[in-house]
Amino acid sequence: MKIDPITPMLEAIHQRFSADMSGALADYIPQLAAVDPRLFGLALAGVSGRVYCAGDADAPFTIQSASKPFVYAIALADHGLEAVLERVGAEPSGEAFNAASLEPTTGRPFNPMINAGAIVTTSLVGAVGPAERYERIRAVLSAFAGRELTHDQAVYRSESDTGDKNRSLGFLMRSAGSLRADVEATVDVYFKQCAIVVTARDLAVMAATLANGGVNPCTGVAVVSDQVASHVLTIMGTCGMYDASGEWLLRVGLPAKSGVSGALLAVKPAQFGAGLFSPLLDARGNSVRGIASCREMANRFELHLLNYPGRPSPATYLDTTAALLHSSKRRDAAQRSRLAQEGDAIVVRGLQGEITFAAAEEVLVACEQLSEQVRWLIFDVERVVALRRSGRAVLDALVRELGLQGVETVIADPGRRGLVAGAAEFGSRDTALERCEDALLETELPNQEVTR
Ligand code: GLN
């Protein structure tokens, strides 16, 4: 059974903008002026690996500037963030994509998502020569897309024959010392990288791979680390739309990257990648219908990153004590009555979901309300799907602090994942409870303490 209400939603967005033929084809690369201006495709890929399409989502086009984040990812993987930042800045330059946007003294390009910065980035891809450098780029972009990509020779030649602006950026940076590789060879690889052929569907999968921590959700291949993916998304968030980046983040609120072919990709981290294609461009070189439909998607599907997301579901789903909740162990009448009277000394809390820093803080605040008589605190973590590093740090400290105040923390975890340091772990809530009941029953009766 295939259930798909999402494709019709994309089709409605496609339909809404399909008549808009405003804007112009890029013509400074002669071959791009030969593209059919009516082409218009949308695709959305979930981290589930499902891809939804509308319109010309399988029409091929050259990736152009939308290659930049992926090549930047290779440079980061090869050299690490610090070394890359030394050579290319991370500032939205507010300048056109082909501007000579360089730091005055060093010639270091400000922005890796426009041509100058991207040419240096290409030179940073580790390889013994230009042929191997291009092949690595092609192979990594292919892994992002989940299929073998190749470049369009005619578009490549067309740009190479006319690309003196990019060559001049190369020479400018070479003379300033910020481009250390051979200009012609580097620019040649850059032109080929820009001529790699993709579809809107490919861009969606590439974007979804970034959304999915660097793992292609369709093939399962880990293309880059989650840290590299997060750095790339950050740069796309601030610099991805040339000199329209600020307004884009304001209105759409998604890391994105455009290209002069009319390519556009956008990422909702951990959820979706969107790929769009419509070759008619606005004055800044961004796709008119791509922008309009991406904006509409962000709006309809509530994707803006900085919208108030609502509070996450509570970390604690169960809060009770051994006065009400008993282990399955048989107890005699005296024991039962003692547990009924003193059972509040054993608190049982069920935690659920992902224990982030914020979820751990919620657990911590709830512990401030524990009454004086509590001696044991059982955390049933069966429903905890993940404990984040930051959440673990808080819980570990909480367990230590409770210990100093005479409260013993006990973990019930059928998975026996050893999530919390310094706490005894049991394979079920029942055995954890039994152990705490035993401990309570072994203590002297409170009235005996008083008479002694
Ligand atoms: N290949 C194009 C160029 O360098 C890419 C620019 C773009 O897509 N904005 O001019």
# chains A, B, ... in the order shown; residues from 1 in each chain; ligands from 1
>>> residues_around(residues="Phe110 in chain A", least_positions_apart="5", cutoff="8 Å", atoms="only C-alpha atoms", output="list in words")
Val88, Gly89, Ala90, Glu91, Pro92, Ser93, Ser101, Leu102, Glu103 and Gly117 of chain A
>>> write_last_selection(atoms="N, CA, C and O atoms", output="PDB file, in the first residue's frame")
ATOM      1  N   VAL A  88      39.932  30.498   3.358  1.00  0.00           N
ATOM      2  CA  VAL A  88      38.665  31.060   2.849  1.00  0.00           C
ATOM      3  C   VAL A  88      37.840  31.479   4.054  1.00  0.00           C
ATOM      4  O   VAL A  88      37.674  30.691   4.986  1.00  0.00           O
ATOM      5  N   GLY A  89      37.307  32.692   4.032  1.00  0.00           N
ATOM      6  CA  GLY A  89      36.517  33.188   5.160  1.00  0.00           C
ATOM      7  C   GLY A  89      35.155  32.521   5.234  1.00  0.00           C
ATOM      8  O   GLY A  89      34.840  31.602   4.466  1.00  0.00           O
ATOM      9  N   ALA A  90      34.340  33.003   6.170  1.00  0.00           N
ATOM     10  CA  ALA A  90      33.007  32.438   6.347  1.00  0.00           C
ATOM     11  C   ALA A  90      32.022  33.584   6.556  1.00  0.00           C
ATOM     12  O   ALA A  90      31.120  33.504   7.382  1.00  0.00           O
ATOM     13  N   GLU A  91      32.216  34.648   5.778  1.00  0.00           N
ATOM     14  CA  GLU A  91      31.369  35.824   5.958  1.00  0.00           C
ATOM     15  C   GLU A  91      30.476  36.036   4.749  1.00  0.00           C
ATOM     16  O   GLU A  91      30.951  35.988   3.611  1.00  0.00           O
ATOM     17  N   PRO A  92      29.191  36.271   5.001  1.00  0.00           N
ATOM     18  CA  PRO A  92      28.330  36.654   3.885  1.00  0.00           C
ATOM     19  C   PRO A  92      28.859  37.984   3.357  1.00  0.00           C
ATOM     20  O   PRO A  92      28.944  38.970   4.094  1.00  0.00           O
ATOM     21  N   SER A  93      29.297  38.012   2.123  1.00  0.00           N
ATOM     22  CA  SER A  93      29.968  39.216   1.636  1.00  0.00           C
ATOM     23  C   SER A  93      28.979  40.285   1.217  1.00  0.00           C
ATOM     24  O   SER A  93      29.336  41.451   1.080  1.00  0.00           O
ATOM     25  N   SER A 101      35.536  39.716  -4.047  1.00  0.00           N
ATOM     26  CA  SER A 101      35.244  39.991  -2.648  1.00  0.00           C
ATOM     27  C   SER A 101      36.355  39.394  -1.782  1.00  0.00           C
ATOM     28  O   SER A 101      36.254  38.270  -1.305  1.00  0.00           O
ATOM     29  N   LEU A 102      37.429  40.177  -1.620  1.00  0.00           N
ATOM     30  CA  LEU A 102      38.629  39.668  -0.961  1.00  0.00           C
ATOM     31  C   LEU A 102      39.019  40.567   0.199  1.00  0.00           C
ATOM     32  O   LEU A 102      38.830  41.786   0.134  1.00  0.00           O
ATOM     33  N   GLU A 103      39.585  39.989   1.235  1.00  0.00           N
ATOM     34  CA  GLU A 103      40.112  40.772   2.354  1.00  0.00           C
ATOM     35  C   GLU A 103      41.216  41.690   1.849  1.00  0.00           C
ATOM     36  O   GLU A 103      42.121  41.229   1.147  1.00  0.00           O
ATOM     37  N   GLY A 117      35.749  32.628  -3.433  1.00  0.00           N
ATOM     38  CA  GLY A 117      35.973  31.666  -2.359  1.00  0.00           C
ATOM     39  C   GLY A 117      35.898  30.229  -2.853  1.00  0.00           C
ATOM     40  O   GLY A 117      36.653  29.359  -2.416  1.00  0.00           O
TER      41      GLY A 117
END
>>> closest_atom_pairs(of="chain A", to="ligand 1", cutoff="8 Å", atoms="only C-alpha atoms and all ligand atoms", output="JSON lines")
{"residue": "A:Ile29", "atom": "CA", "partner": "ligand 1", "partner_atom_place_in_ligand_line": "10 (O)", "distance": 7.6}
{"residue": "A:Ile63", "atom": "CA", "partner": "ligand 1", "partner_atom_place_in_ligand_line": "8 (O)", "distance": 7.5}
{"residue": "A:Gln64", "atom": "CA", "partner": "ligand 1", "partner_atom_place_in_ligand_line": "8 (O)", "distance": 4.2}
{"residue": "A:Ser65", "atom": "CA", "partner": "ligand 1", "partner_atom_place_in_ligand_line": "8 (O)", "distance": 3.5}
{"residue": "A:Ala66", "atom": "CA", "partner": "ligand 1", "partner_atom_place_in_ligand_line": "8 (O)", "distance": 6.6}
{"residue": "A:Phe97", "atom": "CA", "partner": "ligand 1", "partner_atom_place_in_ligand_line": "9 (N)", "distance": 5.4}
{"residue": "A:Asn98", "atom": "CA", "partner": "ligand 1", "partner_atom_place_in_ligand_line": "10 (O)", "distance": 6.4}
{"residue": "A:Ile114", "atom": "CA", "partner": "ligand 1", "partner_atom_place_in_ligand_line": "9 (N)", "distance": 6.8}
{"residue": "A:Asn115", "atom": "CA", "partner": "ligand 1", "partner_atom_place_in_ligand_line": "4 (O)", "distance": 5.6}
{"residue": "A:Glu159", "atom": "CA", "partner": "ligand 1", "partner_atom_place_in_ligand_line": "1 (N)", "distance": 6.9}
{"residue": "A:Gly163", "atom": "CA", "partner": "ligand 1", "partner_atom_place_in_ligand_line": "10 (O)", "distance": 7.2}
{"residue": "A:Lys165", "atom": "CA", "partner": "ligand 1", "partner_atom_place_in_ligand_line": "10 (O)", "distance": 8.0}
{"residue": "A:Asn166", "atom": "CA", "partner": "ligand 1", "partner_atom_place_in_ligand_line": "4 (O)", "distance": 6.2}
{"residue": "A:Tyr190", "atom": "CA", "partner": "ligand 1", "partner_atom_place_in_ligand_line": "1 (N)", "distance": 7.5}
{"residue": "A:Phe191", "atom": "CA", "partner": "ligand 1", "partner_atom_place_in_ligand_line": "1 (N)", "distance": 5.8}
{"residue": "A:Cys194", "atom": "CA", "partner": "ligand 1", "partner_atom_place_in_ligand_line": "1 (N)", "distance": 5.0}
{"residue": "A:Ala195", "atom": "CA", "partner": "ligand 1", "partner_atom_place_in_ligand_line": "1 (N)", "distance": 7.3}
{"residue": "A:Tyr242", "atom": "CA", "partner": "ligand 1", "partner_atom_place_in_ligand_line": "9 (N)", "distance": 7.9}
{"residue": "A:Ser258", "atom": "CA", "partner": "ligand 1", "partner_atom_place_in_ligand_line": "8 (O)", "distance": 6.7}
{"residue": "A:Gly259", "atom": "CA", "partner": "ligand 1", "partner_atom_place_in_ligand_line": "8 (O)", "distance": 3.5}
{"residue": "A:Val260", "atom": "CA", "partner": "ligand 1", "partner_atom_place_in_ligand_line": "8 (O)", "distance": 3.8}
{"residue": "A:Ser261", "atom": "CA", "partner": "ligand 1", "partner_atom_place_in_ligand_line": "8 (O)", "distance": 6.4}
{"residue": "A:Gly285", "atom": "CA", "partner": "ligand 1", "partner_atom_place_in_ligand_line": "9 (N)", "distance": 6.5}
>>> closest_atom_pairs(of="range 56-89 of chain A", to="range 213-219 of chain A", cutoff="12 Å", atoms="only C-alpha atoms", output="Markdown table")
| residue | atom | partner | partner_atom | distance |
| --- | --- | --- | --- | --- |
| A:Phe70 | CA | A:Gly214 | CA | 10.7 |
| A:Ala73 | CA | A:Gly214 | CA | 9.7 |
| A:Ile74 | CA | A:Gly214 | CA | 11.7 |
| A:Ala77 | CA | A:Gly214 | CA | 11.4 |
>>> closest_residue(among="A:Thr150, A:Ser67, A:Asn286, A:Thr199", to="Ala24 in chain A", atoms="only C-alpha atoms")
A:Asn286
>>> atom_distance(atom1="CA of Gly177 in chain A", atom2="CA of Val120 in chain A")
10.8 Å
>>> select_by_dssp(residues="range 239-347 of chain A", states="strand (DSSP E or B)", output="JSON, numbers by chain")
{"A": [256, 257, 258, 263, 264, 265, 266, 267, 268, 272, 273, 274, 275, 276, 277, 281, 287, 316, 317, 318, 319, 320, 321, 346, 347]}
>>> closest_residue(among="A:Leu306, A:Ile411, A:Ala204, A:Leu81", to="Leu42 in chain A", atoms="only C-alpha atoms")
A:Ala204
